[in-house]
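K.L.:
Take a look at this one; I'll ask things after.
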Amino acid sequence: MSGHSVAEKDSSIVALRDVHLTLDSAAGPVNILRGIDLDIRAGETVSMVGPSGAGKSTLMMVMAGLERPSSGSIRVAGEELTRLDEDRLALFRRDKVGIVFQAFHLVPTMTALENVAIPLEFAGRRDAFQRAEAELQAVGLGHRLHHYPGQLSGGEQQRVALARALVPEPALLLADEPTGNLDGATGKQIIELMFALSADRGATLVLITHDMSLAQRCARQIHVDDGRVDEVAPVRQPEALTP
Amino acid sequence: MSRYPSLATSLRLARRELRGGLKGFRIFLACLALGVAAIAGVQSLAGAILDSLEGQGQAILGGDLSLRLLYEQVSPEQRAYLTRTATGLTYFTEMRAMARNLDGEQSLLVEYKAVDDAYPLYGAMELEPAMALETALAREGERWGAVVENTVLERLGLGIGDELLIGDLGYEIRAVIEREPDRVGGGGNFGLGPRVMADLDSLPDTGLMQAGSMIYHHYRLALPPGTDLDVYRADLSAAFPRAGWRVRDYRDAAPRVERMITRLTLFLTLVGLTALLVGGVGVSNAVKAFLDGKLRTIAMLKCVGAPNRTVFQIYLAQLLVLAAGGIAIGLVIGAATPWLVGGLLARLLPFEIDASLQPGPLLMAAVFGLLTTLSFTIWPLARVHDVPAAGLFRDLLASHHRWPRWPYVLATAGSAGLLALIAVGTAERPLFAIWFVVGSLLAMALFRLAASVVMRLSARLRRPRHPGLRLAVANLHRPGTLTPNVVLSLGLGLTVLVAIALIEGNMSRQVQEGVPEEAPAFFFLDIQRDQAEPLQRLVAELEGAGELKQVPYMRGRIQAVQGIPAEQALLLPDDEWMIRGDRGFSYSVEPPEEVEIVSGAWWPEDYAGPPLISVHRDFAEAFGADVGDTVTFSVLGREMDAEIANVRYLDWGSMQMNFLVMFSPEPLRNAPHTFLATLTADSAHETAIQQAITREFPGITVVRIRDALDAVNDILRKIGVAVRAIAAITLIAGTLVLAGAIAAGHRRRVYDSVILKVLGATRRDVLKAFMFEYGLLGLITALIAAAVGTATAWSVLTWVMEADWVFLPMSVLATVLLCTAITMGLGFVGTWRALGQKAAPLLRNE
């Protein structure tokens, strides 16, 4: 069911060149990102670790086209993001990027099925609901289709969020501390599912975590500190991609 | 990359989001419903009244066609024509007269109508006790019968069966008039007194038919079914081109009532629109609060690929659905108004109101509601554009209040502009509506500015020592303060109230107190030439009677100015009264006392050349006429040209005899006419003087200034009730906005009160601190509203009404107190709820 070719897997899906981000604050300009160069190949699993306030989330936002850099180039899935306007960036996310948040961020007034269908509906897909249902089946929530977020447990909500992120078959799956709001056992289930499904779809997975064991499951580990990136060599072949 | 999401997708998502329910939208709905109900109600009621006027046009006019002549009847030839072409014809006369009781102790100015046997052609007279009109008016033995309105019995202390004197004739009162079908359209030309109706054949015996007496001769025609009224009127005019009659048909049965209703409707609609605008502030607040709760969802939608346009559509669609609900509630109330209020009005209006659904007015109110919603929704909704999707990562989604992007600004300006355009375009007097729109915008800008000034000043103020007062002052400018809301919404409503209270107060004061010291106590009308001398002698003998001034008086119409028909020659629409119907004219050898000649000169005492006229400055301005211009008149059935010799000025409020046009003595001196007189008198002797004159000269109409002023005041009071009721709706809208703002600040108040309690403040201390805040806010708002309202009233009185202005502190003080009380009252309720919260759970959460 992979939506991406082998050739694509070998090329860089994310290419950041000398990315700087400086924000103004009352105390003067603050350098959030200081000249980041980063390449991520298609199909890779990459973890980002580092202390709070180091710039991990900002870096992820830059990849998602949610934050504009002060300077530098960002190329994701063949698009130069710095050249896209806000609405083009939204369409880019819709088609190319899936995001999983720590706090799930489901729409409380919509059922699980409707929440998952949203990106497909935005893309004008006629089969939005069939595909959303299939995705919920895939995350093990086939029996919870018509439940509202308030009627689901934390783990179930995060599985809905995962299904929503994966349903448009994104080239890039971004996860910001996806288990941060879950207990250990539930978090583990979610991680298993996320690795399995992203591998199944051939999506590139980039996740932010403070959990070192989780970080080590990824093919690459990137250490972010004070707006800079230190590459940490892959410890081993990523599990999820091992046949 | 594929296309943008469709509108259908946005609407589908909006529908799902609406499952969140109406929480937080009660004020939104109430504000819209109230404003729309006010406009729809006023318009529907006016529509129903005007429809009734049209539907009952024949009964209200008393025929399909009406002919009215002053002083004279139709010629036998004309009568023959009318009889031949009409299927029904009735003839009656109408005049002012003094009605007296038998001993002559009490007298009353009445509208006396003498009808023939065919009356009424349409509709029916309702009498109490019920009987046929013919029977009630018939001569039984030596006595004629009459029917009267109840006021006649009350004022003269008479009852059914008693005798009533009109002129020289005694009538037996047989019944009370419950309803006279053509009271509005058929007669009522004087509007000064109650009705007395008698048989036409009894009229000669009253002795009131004197040459020059102001008697209106009315003819009502029933025409064959299918008659084209325009053709009939054209034929009539062709057959008798020089006839002095005034022709009207049932399509325009009661133009004066129609005009009054239309004007009052315009005014009340604009006040209703103010209520809607004030409510708009509540709508805007509700949208802001709603979006504050939706920031995460908005950011999430953007994260999964929704362009700004789509997110905007999703939320605009939701708000429009809710607005449609509010507007629908308002429309239901408005649509029901003719049924709800029609019954109450039936007692005030002399015709039945047929309550009916008024689609036009409802549509207009709905459009006003929709455009107000858009005007006040797009601006705050523009924030969705600036909600950063990235905020979800930082868990930081604070509201950013910045100037919206230009498409939203344009859309807001567009809907507000359209609203203004429709308000002006549908107004009967567009200029008035333009002033209203400009005034509203200025007032809103002014109040917003005032709020900023208050916030800045309070920020700079030295901190008071009293902790409660310190908190109150700090709360005036803290983030999320109530100040802009309260000042704008409550301020606008109060301004309307202050302005209306002051205008109404000034008008009734002018009616009551504006009467100059030397003002006459009486006006005498219909004095025959041979009565002028005897009247002078009688007055000289009466105790308490002062100076009697008599002037010649006749009625006529202004036909043309410089050869241009008067309707076209008139420059100022406000002066239409000058050419509407007959006006009173006089002639004089010398200029009247106290008159100021503005230009030209008065004619020599022995002038006997072609007619010259002296015109009032208002006339000159209305027609752009000046000395040397020619004016054509129709006087006593004859057309005559006169040249303007001078323009003069005399204040209409001086209570001196004042005429729009005064002629040189020739040739009117020899034409049949009556005299008009004024008499000053000690107030203690007024009643005795009236009795003596009415007894001696039953044909002379006596108008007591005091009674006339009371009648005017009564009308002012009735209109004032309607105006104040609608203005109160503006205040209610303001109160709703305030209540909404206070409710929105509930969490802040709970937090403040918990912290204060933790620091050792008693409930009383906390309550006091909040009351300081609300009291201060209410007082500041009231003071600003008092100032703006006073300035508005002053402008309207000075410039629009050109009247004197007196500041009425009590009206303003009452408003200031009302505002402070409302703010403190609502604040108290909100604070009381906040005080009930337990501290511990909140602190644990924090």
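Note on naming: chains are A, B, ... as they come in the structure tokens, residues start from 1 per chain, ligands start from 1 in the order shown.
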Mind listing as a PyMOL selection string which residues of chain B are within 6 Å of chain A, counting only C-alpha atoms?

P.N.:
chain B and resi 5+17+19-20+297+304-307+390

K.L.:
Any idea what's packed within 6 Å of Ala117 in chain A, counting only C-alpha atoms, ignoring anything in its chain fewer than 6 positions away? Could you give it as a list in words?

P.N.:
Ala128, Phe129 and Ala132 of chain A

K.L.:
Taking the chain letters and numbering used in this document, name the residues of range 384-579 of chain B that DSSP puts in strand (DSSP E or B), as a ChimeraX atom specification.

P.N.:
/B:522-527,545-561,564-565

K.L.:
Out of B:Leu461, B:Leu65, B:Leu268, B:Ile177, which residue has the shortest atom-to-atom distance to Asp252 in chain B when counting only C-alpha atoms?

P.N.:
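Smallest separation from Asp252 in chain B among the options: B:Leu65.
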
K.L.:
Quick one: pull the distance between CA of Ala198 in chain B and CA of Val115 in chain B, Å, one decimal.

P.N.:
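That distance, rounded to one decimal, is 6.4 Å.
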
K.L.:
Residues at most 9 Å from Arg143 in chain B, counting only C-alpha atoms, excluding those fewer than 6 positions away in the same chain, as a ChimeraX atom specification?

P.N.:
/B:170-172

K.L.:
What does the structure give for the distance between CA of Gln531 in chain B and CA of Val635 in chain B, in Å to one decimal?

P.N.:
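CA of Gln531 in chain B sits 22.7 Å away from CA of Val635 in chain B.
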
K.L.:
What residues in range 28-161 of chain A get the DSSP label alpha helix (DSSP H)? Please answer as a PyMOL selection string.

P.N.:
chain A and resi 56-63+86-96+112-122+128-138+154-161

K.L.:
Please, could you write that set of residues out with N, CA and C atoms as a short mmCIF file (atom, residue, chain, number, x, y, z; two decimals), in the first residue's frame?

P.N.:
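Wrote part-v4.cif, looks like this:
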data_model
loop_
_atom_site.label_atom_id
_atom_site.label_comp_id
_atom_site.auth_asym_id
_atom_site.auth_seq_id
_atom_site.Cartn_x
_atom_site.Cartn_y
_atom_site.Cartn_z
N LYS A 56 13.74 22.04 19.05
CA LYS A 56 13.25 20.82 18.37
C LYS A 56 11.89 21.07 17.69
N SER A 57 10.96 21.61 18.49
CA SER A 57 9.61 21.83 17.94
C SER A 57 9.65 22.83 16.80
N THR A 58 10.47 23.86 16.97
CA THR A 58 10.58 24.87 15.92
C THR A 58 11.10 24.24 14.63
N LEU A 59 12.08 23.38 14.79
CA LEU A 59 12.65 22.71 13.62
C LEU A 59 11.58 21.87 12.92
N MET A 60 10.78 21.20 13.74
CA MET A 60 9.70 20.38 13.17
C MET A 60 8.67 21.26 12.45
N MET A 61 8.38 22.42 13.08
CA MET A 61 7.41 23.34 12.47
C MET A 61 7.92 23.88 11.14
N VAL A 62 9.22 24.11 11.10
CA VAL A 62 9.83 24.61 9.87
C VAL A 62 9.65 23.56 8.77
N MET A 63 9.84 22.26 9.13
CA MET A 63 9.68 21.18 8.14
C MET A 63 8.23 21.08 7.66
N GLU A 86 0.97 31.20 2.34
CA GLU A 86 0.35 30.50 3.46
C GLU A 86 -0.63 29.41 3.01
N ASP A 87 -1.47 29.76 2.04
CA ASP A 87 -2.48 28.79 1.60
C ASP A 87 -1.85 27.63 0.83
N ARG A 88 -0.81 27.92 0.07
CA ARG A 88 -0.11 26.84 -0.64
C ARG A 88 0.55 25.91 0.36
N LEU A 89 1.04 26.51 1.44
CA LEU A 89 1.65 25.68 2.48
C LEU A 89 0.61 24.75 3.11
N ALA A 90 -0.62 25.28 3.29
CA ALA A 90 -1.70 24.45 3.87
C ALA A 90 -1.97 23.27 2.94
N LEU A 91 -2.03 23.54 1.64
CA LEU A 91 -2.30 22.45 0.68
C LEU A 91 -1.13 21.46 0.65
N PHE A 92 0.07 22.02 0.81
CA PHE A 92 1.26 21.16 0.87
C PHE A 92 1.13 20.19 2.05
N ARG A 93 0.76 20.72 3.22
CA ARG A 93 0.60 19.86 4.40
C ARG A 93 -0.47 18.82 4.17
N ARG A 94 -1.57 19.30 3.58
CA ARG A 94 -2.70 18.40 3.35
C ARG A 94 -2.25 17.17 2.54
N ASP A 95 -1.40 17.41 1.54
CA ASP A 95 -1.03 16.34 0.62
C ASP A 95 0.23 15.58 1.03
N LYS A 96 1.13 16.26 1.75
CA LYS A 96 2.44 15.65 1.94
C LYS A 96 2.82 15.36 3.39
N ALA A 112 -14.92 10.18 15.72
CA ALA A 112 -13.60 9.68 15.33
C ALA A 112 -13.51 9.62 13.80
N LEU A 113 -14.54 9.06 13.19
CA LEU A 113 -14.54 8.91 11.73
C LEU A 113 -14.44 10.27 11.04
N GLU A 114 -15.22 11.22 11.54
CA GLU A 114 -15.22 12.55 10.92
C GLU A 114 -13.87 13.24 11.11
N ASN A 115 -13.28 13.08 12.30
CA ASN A 115 -11.97 13.68 12.55
C ASN A 115 -10.95 13.16 11.55
N VAL A 116 -10.99 11.86 11.31
CA VAL A 116 -9.99 11.27 10.41
C VAL A 116 -10.25 11.68 8.96
N ALA A 117 -11.51 11.85 8.64
CA ALA A 117 -11.85 12.17 7.24
C ALA A 117 -11.49 13.60 6.84
N ILE A 118 -11.28 14.48 7.84
CA ILE A 118 -11.11 15.91 7.52
C ILE A 118 -10.08 16.18 6.41
N PRO A 119 -8.82 15.66 6.53
CA PRO A 119 -7.84 16.01 5.47
C PRO A 119 -8.28 15.54 4.09
N LEU A 120 -8.94 14.37 4.04
CA LEU A 120 -9.38 13.86 2.74
C LEU A 120 -10.53 14.72 2.20
N GLU A 121 -11.34 15.18 3.11
CA GLU A 121 -12.44 16.06 2.67
C GLU A 121 -11.88 17.36 2.11
N PHE A 122 -10.86 17.87 2.78
CA PHE A 122 -10.22 19.08 2.27
C PHE A 122 -9.66 18.84 0.87
N ALA A 128 -13.60 9.75 1.06
CA ALA A 128 -13.01 10.19 2.32
C ALA A 128 -13.43 9.29 3.48
N PHE A 129 -14.72 8.99 3.56
CA PHE A 129 -15.19 8.26 4.73
C PHE A 129 -14.83 6.77 4.68
N GLN A 130 -14.82 6.18 3.47
CA GLN A 130 -14.40 4.78 3.37
C GLN A 130 -12.94 4.66 3.79
N ARG A 131 -12.14 5.60 3.31
CA ARG A 131 -10.70 5.51 3.63
C ARG A 131 -10.45 5.82 5.10
N ALA A 132 -11.22 6.76 5.64
CA ALA A 132 -11.06 7.07 7.06
C ALA A 132 -11.43 5.85 7.89
N GLU A 133 -12.48 5.17 7.48
CA GLU A 133 -12.92 3.99 8.22
C GLU A 133 -11.83 2.90 8.16
N ALA A 134 -11.24 2.72 6.97
CA ALA A 134 -10.19 1.72 6.81
C ALA A 134 -8.99 2.06 7.70
N GLU A 135 -8.69 3.36 7.77
CA GLU A 135 -7.54 3.79 8.57
C GLU A 135 -7.81 3.54 10.06
N LEU A 136 -9.06 3.80 10.47
CA LEU A 136 -9.40 3.56 11.87
C LEU A 136 -9.37 2.05 12.17
N GLN A 137 -9.78 1.26 11.18
CA GLN A 137 -9.68 -0.20 11.35
C GLN A 137 -8.20 -0.56 11.56
N ALA A 138 -7.35 0.10 10.76
CA ALA A 138 -5.92 -0.21 10.81
C ALA A 138 -5.32 0.12 12.18
N GLY A 154 -7.44 8.25 26.41
CA GLY A 154 -6.31 9.00 25.85
C GLY A 154 -5.62 8.24 24.72
N GLY A 155 -5.41 6.93 24.95
CA GLY A 155 -4.75 6.12 23.95
C GLY A 155 -5.57 6.04 22.67
N GLU A 156 -6.87 5.88 22.85
CA GLU A 156 -7.75 5.81 21.68
C GLU A 156 -7.74 7.13 20.91
N GLN A 157 -7.73 8.22 21.67
CA GLN A 157 -7.70 9.54 21.00
C GLN A 157 -6.43 9.69 20.18
N GLN A 158 -5.29 9.22 20.75
CA GLN A 158 -4.04 9.36 20.02
C GLN A 158 -4.04 8.45 18.79
N ARG A 159 -4.73 7.31 18.89
CA ARG A 159 -4.81 6.43 17.71
C ARG A 159 -5.66 7.10 16.61
N VAL A 160 -6.70 7.80 17.03
CA VAL A 160 -7.50 8.55 16.05
C VAL A 160 -6.61 9.61 15.39
N ALA A 161 -5.81 10.30 16.23
CA ALA A 161 -4.92 11.34 15.71
C ALA A 161 -3.91 10.75 14.73
#

K.L.:
What lies within 12 Å of Pro225 in chain B using only C-alpha atoms, ignoring chain neighbours under 4 positions off, as a short mmCIF file (atom, residue, chain, number, x, y, z; two decimals) with C-alpha atoms, in the first residue's frame?

P.N.:
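Saved file part26.cif follows:
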data_model
loop_
_atom_site.label_atom_id
_atom_site.label_comp_id
_atom_site.auth_asym_id
_atom_site.auth_seq_id
_atom_site.Cartn_x
_atom_site.Cartn_y
_atom_site.Cartn_z
CA ASP B 64 -64.65 56.45 -4.11
CA THR B 85 -71.97 60.00 -13.42
CA ALA B 86 -72.02 58.55 -9.91
CA THR B 87 -74.05 55.70 -8.51
CA GLY B 88 -74.19 57.35 -5.11
CA LEU B 229 -60.47 56.74 -11.25
#

K.L.:
Find the spatial neighbours of range 685-700 of chain B, counting only C-alpha atoms, within a cut-off of 6 Å - ignore same-chain residues fewer than 2 positions away - and output them as a ChimeraX atom specification.

P.N.:
/B:105,167,208,525-527,544,682-683

K.L.:
Please provide the set of residues having any atom within 9 Å of range 21-37 of chain A, restricted to only C-alpha atoms, with same-chain residues fewer than 2 positions apart removed, written as a PyMOL selection string.

P.N.:
chain A and resi 15-19+39+53-55+58-59+67-72+226-229

K.L.:
Restrict the selected residues to C-alpha atoms and save them as an mmCIF file, in the first residue's frame.

P.N.:
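What ended up in again37.cif:
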data_model
loop_
_atom_site.group_PDB
_atom_site.id
_atom_site.type_symbol
_atom_site.label_atom_id
_atom_site.label_comp_id
_atom_site.auth_asym_id
_atom_site.auth_seq_id
_atom_site.Cartn_x
_atom_site.Cartn_y
_atom_site.Cartn_z
ATOM 1 C CA ALA A 15 16.674 19.128 2.786
ATOM 2 C CA LEU A 16 17.433 22.109 5.048
ATOM 3 C CA ARG A 17 20.228 24.487 4.098
ATOM 4 C CA ASP A 18 21.592 27.114 6.476
ATOM 5 C CA VAL A 19 18.237 27.666 8.138
ATOM 6 C CA ASP A 39 19.008 15.960 5.023
ATOM 7 C CA GLY A 53 13.819 25.107 24.528
ATOM 8 C CA ALA A 54 16.581 23.768 22.297
ATOM 9 C CA GLY A 55 14.553 24.354 19.109
ATOM 10 C CA THR A 58 10.579 24.872 15.916
ATOM 11 C CA LEU A 59 12.654 22.709 13.622
ATOM 12 C CA GLU A 67 7.044 28.444 10.681
ATOM 13 C CA ARG A 68 8.925 30.579 8.189
ATOM 14 C CA PRO A 69 12.676 30.785 8.653
ATOM 15 C CA SER A 70 14.478 34.122 8.761
ATOM 16 C CA SER A 71 16.841 32.802 6.113
ATOM 17 C CA GLY A 72 17.896 29.577 4.429
ATOM 18 C CA ASP A 226 20.709 25.821 21.286
ATOM 19 C CA GLY A 227 19.359 25.995 17.749
ATOM 20 C CA ARG A 228 22.022 23.739 16.274
ATOM 21 C CA VAL A 229 21.957 20.152 15.128
#

K.L.:
With only C-alpha atoms as the basis for distance, which of A:Thr179, A:Phe195, A:Gln151, A:Leu38 is at the shortest distance from Asp211 in chain A?

P.N.:
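For Asp211 in chain A, the nearest of the given residues is A:Thr179.
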
K.L.:
Using only C-alpha atoms for the distances, tell me which of B:Ala114, B:Ile558, B:Ala124, B:Ala769 is nearest to Met640 in chain B.

P.N.:
B:Ile558

K.L.:
Using Å and a single decimal, report how far CA of Asn101 in chain B sits from CA of Ala175 in chain B.

P.N.:
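Interatomic distance here is 16.0 Å.
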